[in-house]
Amino acid sequence: MRELLMIPGPVEIAEDVLREFSGQPSVHYGPEWTNIYKTAQKMLNKLLRNTGLTFIMPGSGSLAVEAICATFCRDRRLLVASNGWFGDRVYAICSSYNDEAKKLGLPTVIPADPNIISRELKNQKFDALFMVHVETTTATLNPLKEIGAVAKEQNVDFFVDGVSSVGIEEIDMDNWGIGALAAASQKGLECLPGLGIVAVSQRLLERARNRKGYWFTNLGVWLEYYDKWNDWHPFPVTVPTNTIKSLKRSLQNILDIHGTEARTKMFENTVQVLRNELSELGVKPLGSFSDQCNGLTACNTEGDYRPSKLIRYLLSKHGIRVAGTLGTISESVFRIGHMSSVQCSRESVTRTIAGIDDFLKNQVRKL
Ligand SMILES: Cc1ncc(COP(=O)(O)O)c(C=O)c1O
């Protein structure tokens, strides 16, 4: 039985995206390759509504977060607003570059309140704010547009960890005043793991230029090579070409074939069907489903059974992999990922619900 990945990344990906990856590696320089790389960059800009430049780097989401810190946050009065484990991770990365970085700990499992962030920014005179869009450990969706408005009003640079939201949630970098945003290839972009992605606004590109200190994580270095080797090797290192070809194919599917509006409907429909069916089985949300994002669902077992037991059962009896979570709630929370078209298909959702139903009937309720 082939394992069905219903976790919040890496996700199940489409066959045409996989085909681009297979075969001998493509060369990472020359006009043909440069055209592929730049097309992927442009498509990411379109998806994120960014008129600046998007860098595609070998690495993961954490590298993308770290590149934003290394380039833009070292010498700023930086506030990291966190309502969960990944928000704390952003703070950990930022504080390794900036001793003065301050964390604003917000209540978890509910969306961050822009008014609290606004008050903190005013009181302490910060000049940069960093936060996570979707807090993957709890599925909480933070109101990015409203928080962007608060940052703009107070003239504060706004940085975002969009690792679990890009390709799924609405993002409008230009209009929401986002200075730089981190993403990764293996979630809503429906590609293999291996790429860290950083979108930088037009305004902040100028600040990255000639930035000194650090090398791989310094976007100033990436920009320097983008400028000086632009038409044959517009990046400083060997990039994973086949993964980038897969990303380009996936972006084509996301932008052209599904169309972004149809894609939004796909997620909304999945969320509605999955959460209704979970509720019918008596499965409770972590917090409220209405506060959760569109790419994953977090459920609270309320002490009735251990998430690890459900995870093992689904894997061994049904070939379905769902996820636990991180941090103090890990003894009572499991998560289902629905970040890609394959995960959102009716077949995947039905199979997952049937597995959970079987587990509850045979492993929990009969006891
Ligand atoms: C919100 C968020 N930020 C950062 C990361 C780290 O990404 P990576 O594991 O690709 O480094 C993750 C991973 O799941 C995430 O969900």
# chains A, B, ... in the order shown; residues from 1 in each chain; ligands from 1
call {"tool": "select_by_dssp", "arguments": {"residues": "region 18-254 of chain A", "states": "strand (DSSP E or B)", "output": "short mmCIF file (atom, residue, chain, number, x, y, z; two decimals) with C-alpha atoms, in the first residue's frame"}}
result
data_model
loop_
_atom_site.label_atom_id
_atom_site.label_comp_id
_atom_site.auth_asym_id
_atom_site.auth_seq_id
_atom_site.Cartn_x
_atom_site.Cartn_y
_atom_site.Cartn_z
CA LEU A 53 12.69 40.32 -6.44
CA THR A 54 12.32 36.75 -5.18
CA PHE A 55 15.41 34.68 -4.43
CA ILE A 56 15.29 30.88 -4.79
CA MET A 57 18.01 29.33 -2.64
CA PRO A 58 19.19 25.78 -1.89
CA LEU A 78 13.38 44.29 16.21
CA LEU A 79 10.15 42.94 17.66
CA VAL A 80 9.21 39.30 17.03
CA ALA A 81 5.52 38.69 17.76
CA SER A 82 4.93 35.01 18.51
CA LYS A 102 12.64 41.35 21.69
CA LYS A 103 9.85 38.77 21.78
CA LEU A 104 6.22 39.70 22.27
CA GLY A 105 4.58 36.49 23.50
CA ALA A 128 11.10 46.24 12.48
CA LEU A 129 8.48 43.56 13.14
CA PHE A 130 8.79 39.85 12.27
CA MET A 131 6.03 37.27 12.57
CA VAL A 132 4.63 34.01 11.30
CA VAL A 134 0.36 30.50 9.69
CA GLU A 135 1.54 29.04 13.01
CA THR A 140 -3.67 29.39 13.66
CA LEU A 141 -4.00 31.94 10.85
CA ASP A 157 9.58 47.26 8.41
CA PHE A 158 7.43 44.15 8.25
CA PHE A 159 8.93 40.67 7.81
CA VAL A 160 6.92 37.49 7.49
CA ASP A 161 7.49 33.75 7.82
CA ALA A 180 10.42 40.48 2.96
CA LEU A 181 8.71 37.12 3.17
CA ALA A 182 10.16 33.64 3.71
CA ALA A 183 8.78 30.46 2.11
CA ALA A 184 9.82 26.92 1.26
CA LEU A 195 14.40 25.26 -1.61
CA GLY A 196 14.30 28.30 0.66
CA ILE A 197 12.49 31.20 -0.98
CA VAL A 198 12.76 34.86 0.00
CA ALA A 199 10.64 37.53 -1.62
CA VAL A 200 11.96 41.06 -1.07
#
call {"tool": "residues_around", "arguments": {"residues": "Leu314 (chain A)", "least_positions_apart": "2", "cutoff": "12 Å", "atoms": "only C-alpha atoms", "output": "ChimeraX atom specification"}}
result
/A:3-6,307-312,316-323,334,336,351-360,362-363
call {"tool": "residues_near_ligand", "arguments": {"ligand": "ligand 1", "cutoff": "9 Å", "atoms": "only C-alpha atoms and all ligand atoms", "output": "JSON, numbers by chain"}}
result
{"A": [8, 9, 10, 59, 60, 61, 62, 63, 64, 65, 85, 86, 87, 89, 90, 132, 133, 134, 135, 136, 137, 161, 162, 163, 164, 165, 182, 183, 184, 185, 186, 187, 193, 194, 195, 196]}
call {"tool": "closest_residue", "arguments": {"among": "A:Pro111, A:Gly188, A:Gly259, A:Gly213", "to": "Ala70 (chain A)", "atoms": "only C-alpha atoms"}}
result
A:Gly213
call {"tool": "residues_around", "arguments": {"residues": "Leu247 (chain A)", "least_positions_apart": "5", "cutoff": "12 Å", "atoms": "only C-alpha atoms", "output": "tab-separated table (two decimals) with C-alpha atoms, in the first residue's frame"}}
result
chain	number	residue	atom	x	y	z
A	13	ILE	CA	2.74	16.36	-5.30
A	14	ALA	CA	1.42	16.00	-8.84
A	16	ASP	CA	3.92	16.24	-13.86
A	17	VAL	CA	5.85	18.08	-11.12
A	18	LEU	CA	7.64	14.86	-10.17
A	19	ARG	CA	8.56	14.18	-13.81
A	20	GLU	CA	10.42	17.49	-14.03
A	21	PHE	CA	12.60	16.37	-11.12
A	36	ILE	CA	13.99	28.76	-16.33
A	37	TYR	CA	15.22	30.26	-13.04
A	38	LYS	CA	13.99	33.74	-13.86
A	39	THR	CA	10.60	32.44	-15.01
A	40	ALA	CA	10.17	30.74	-11.62
A	41	GLN	CA	11.19	33.98	-9.88
A	43	MET	CA	5.88	33.45	-11.15
A	44	LEU	CA	6.62	33.66	-7.43
A	56	ILE	CA	15.29	30.88	-4.79
A	167	GLY	CA	0.46	29.12	-2.25
A	184	ALA	CA	9.82	26.92	1.26
A	185	SER	CA	9.17	24.58	-1.65
A	186	GLN	CA	7.60	21.63	0.17
A	187	LYS	CA	4.21	22.94	1.35
A	188	GLY	CA	1.68	25.12	-0.52
A	189	LEU	CA	4.02	25.41	-3.49
A	190	GLU	CA	3.47	21.67	-4.03
A	191	CYS	CA	7.06	20.80	-4.79
A	192	LEU	CA	9.80	18.65	-3.27
A	193	PRO	CA	11.70	19.89	-0.20
A	194	GLY	CA	15.04	21.60	-0.84
A	195	LEU	CA	14.40	25.26	-1.61
A	196	GLY	CA	14.30	28.30	0.66
A	197	ILE	CA	12.49	31.20	-0.98
A	240	PRO	CA	19.33	22.34	-7.24
A	241	THR	CA	18.24	22.64	-10.85
A	242	ASN	CA	15.80	19.74	-11.05
A	252	GLN	CA	2.55	26.99	-13.72
A	253	ASN	CA	-0.14	24.62	-12.44
A	254	ILE	CA	-0.96	26.95	-9.57
A	255	LEU	CA	-1.07	30.15	-11.63
call {"tool": "select_by_dssp", "arguments": {"residues": "region 82-277 of chain A", "states": "helix (DSSP H, G or I)", "output": "number ranges by chain"}}
result
A: 85-97, 114-124, 144-153, 173-176, 202-208, 219-228, 241-257, 260-277
call {"tool": "write_last_selection", "arguments": {"atoms": "C-alpha atoms", "output": "mmCIF file, in the first residue's frame"}}
result
data_model
loop_
_atom_site.group_PDB
_atom_site.id
_atom_site.type_symbol
_atom_site.label_atom_id
_atom_site.label_comp_id
_atom_site.auth_asym_id
_atom_site.auth_seq_id
_atom_site.Cartn_x
_atom_site.Cartn_y
_atom_site.Cartn_z
ATOM 1 C CA TRP A 85 6.383 27.236 18.452
ATOM 2 C CA PHE A 86 7.345 28.537 15.003
ATOM 3 C CA GLY A 87 7.021 32.142 16.179
ATOM 4 C CA ASP A 88 9.473 31.228 18.947
ATOM 5 C CA ARG A 89 11.702 29.653 16.292
ATOM 6 C CA VAL A 90 11.746 32.955 14.370
ATOM 7 C CA TYR A 91 12.752 34.663 17.602
ATOM 8 C CA ALA A 92 15.520 32.083 18.184
ATOM 9 C CA ILE A 93 16.905 32.703 14.689
ATOM 10 C CA CYS A 94 16.639 36.491 15.017
ATOM 11 C CA SER A 95 18.276 36.575 18.430
ATOM 12 C CA SER A 96 21.248 34.666 17.107
ATOM 13 C CA TYR A 97 21.869 37.666 14.825
ATOM 14 C CA PRO A 114 -3.114 43.674 15.769
ATOM 15 C CA ASN A 115 -4.046 46.139 18.559
ATOM 16 C CA ILE A 116 -1.685 44.464 21.028
ATOM 17 C CA ILE A 117 1.101 44.532 18.447
ATOM 18 C CA SER A 118 0.352 48.168 17.682
ATOM 19 C CA ARG A 119 0.563 49.129 21.375
ATOM 20 C CA GLU A 120 3.854 47.293 21.801
ATOM 21 C CA LEU A 121 5.337 48.920 18.710
ATOM 22 C CA LYS A 122 4.301 52.373 19.959
ATOM 23 C CA ASN A 123 5.511 51.923 23.538
ATOM 24 C CA GLN A 124 8.926 50.544 22.765
ATOM 25 C CA LEU A 144 -1.433 39.559 8.068
ATOM 26 C CA LYS A 145 -3.192 42.359 6.230
ATOM 27 C CA GLU A 146 -4.278 44.067 9.458
ATOM 28 C CA ILE A 147 -0.870 43.603 11.089
ATOM 29 C CA GLY A 148 0.779 44.955 7.922
ATOM 30 C CA ALA A 149 -1.434 48.052 8.236
ATOM 31 C CA VAL A 150 -0.292 48.542 11.842
ATOM 32 C CA ALA A 151 3.374 48.233 10.793
ATOM 33 C CA LYS A 152 2.855 50.684 7.926
ATOM 34 C CA GLU A 153 1.101 53.196 10.179
ATOM 35 C CA MET A 173 3.095 41.906 -0.435
ATOM 36 C CA ASP A 174 2.915 45.267 -2.191
ATOM 37 C CA ASN A 175 -0.387 46.388 -0.708
ATOM 38 C CA TRP A 176 0.087 44.914 2.748
ATOM 39 C CA GLN A 202 11.346 46.811 -4.235
ATOM 40 C CA ARG A 203 11.976 49.226 -1.369
ATOM 41 C CA LEU A 204 14.074 46.828 0.698
ATOM 42 C CA LEU A 205 16.130 45.593 -2.259
ATOM 43 C CA GLU A 206 18.033 48.849 -2.092
ATOM 44 C CA ARG A 207 18.848 48.176 1.552
ATOM 45 C CA ALA A 208 20.135 44.691 0.692
ATOM 46 C CA LEU A 219 20.809 38.647 0.275
ATOM 47 C CA GLY A 220 23.160 41.472 -0.692
ATOM 48 C CA VAL A 221 25.491 38.766 -2.055
ATOM 49 C CA TRP A 222 22.599 37.127 -3.931
ATOM 50 C CA LEU A 223 21.655 40.503 -5.392
ATOM 51 C CA GLU A 224 25.251 41.229 -6.378
ATOM 52 C CA TYR A 225 25.378 38.003 -8.435
ATOM 53 C CA TYR A 226 21.884 38.575 -9.792
ATOM 54 C CA ASP A 227 23.188 41.869 -11.188
ATOM 55 C CA LYS A 228 26.663 40.916 -12.337
ATOM 56 C CA THR A 241 18.237 22.640 -10.850
ATOM 57 C CA ASN A 242 15.802 19.741 -11.045
ATOM 58 C CA THR A 243 13.961 20.857 -7.909
ATOM 59 C CA ILE A 244 13.669 24.349 -9.396
ATOM 60 C CA LYS A 245 12.311 22.851 -12.644
ATOM 61 C CA SER A 246 9.701 21.039 -10.539
ATOM 62 C CA LEU A 247 8.888 24.283 -8.749
ATOM 63 C CA LYS A 248 8.426 26.082 -12.058
ATOM 64 C CA ARG A 249 6.028 23.377 -13.272
ATOM 65 C CA SER A 250 4.099 23.519 -10.029
ATOM 66 C CA LEU A 251 3.864 27.306 -10.173
ATOM 67 C CA GLN A 252 2.547 26.986 -13.719
ATOM 68 C CA ASN A 253 -0.143 24.621 -12.437
ATOM 69 C CA ILE A 254 -0.959 26.954 -9.572
ATOM 70 C CA LEU A 255 -1.071 30.151 -11.628
ATOM 71 C CA ASP A 256 -2.257 29.050 -15.061
ATOM 72 C CA ILE A 257 -4.091 25.786 -14.853
ATOM 73 C CA THR A 260 -5.698 31.428 -8.208
ATOM 74 C CA GLU A 261 -9.434 31.886 -7.652
ATOM 75 C CA ALA A 262 -10.185 28.242 -8.355
ATOM 76 C CA ARG A 263 -7.359 27.338 -6.000
ATOM 77 C CA THR A 264 -8.837 29.392 -3.171
ATOM 78 C CA LYS A 265 -12.122 27.559 -3.709
ATOM 79 C CA MET A 266 -10.304 24.212 -3.626
ATOM 80 C CA PHE A 267 -8.916 24.958 -0.159
ATOM 81 C CA GLU A 268 -12.165 26.444 1.144
ATOM 82 C CA ASN A 269 -14.113 23.446 -0.060
ATOM 83 C CA THR A 270 -11.623 20.974 1.471
ATOM 84 C CA VAL A 271 -11.701 22.786 4.802
ATOM 85 C CA GLN A 272 -15.485 22.765 4.841
ATOM 86 C CA VAL A 273 -15.893 19.101 3.929
ATOM 87 C CA LEU A 274 -13.075 17.808 6.134
ATOM 88 C CA ARG A 275 -14.010 19.809 9.233
ATOM 89 C CA ASN A 276 -17.733 18.986 8.879
ATOM 90 C CA GLU A 277 -16.942 15.307 8.624
#
call {"tool": "atom_distance", "arguments": {"atom1": "CA of Ser22 (chain A)", "atom2": "CA of Phe235 (chain A)"}}
result
23.0 Å
call {"tool": "residues_around", "arguments": {"residues": "Phe289 (chain A)", "least_positions_apart": "2", "cutoff": "12 Å", "atoms": "only C-alpha atoms", "output": "count of residues only"}}
result
28
call {"tool": "atom_distance", "arguments": {"atom1": "CA of Val342 (chain A)", "atom2": "CA of Glu15 (chain A)"}}
result
9.9 Å
call {"tool": "atom_distance", "arguments": {"atom1": "CA of Gly84 (chain A)", "atom2": "CA of Phe126 (chain A)"}}
result
21.3 Å
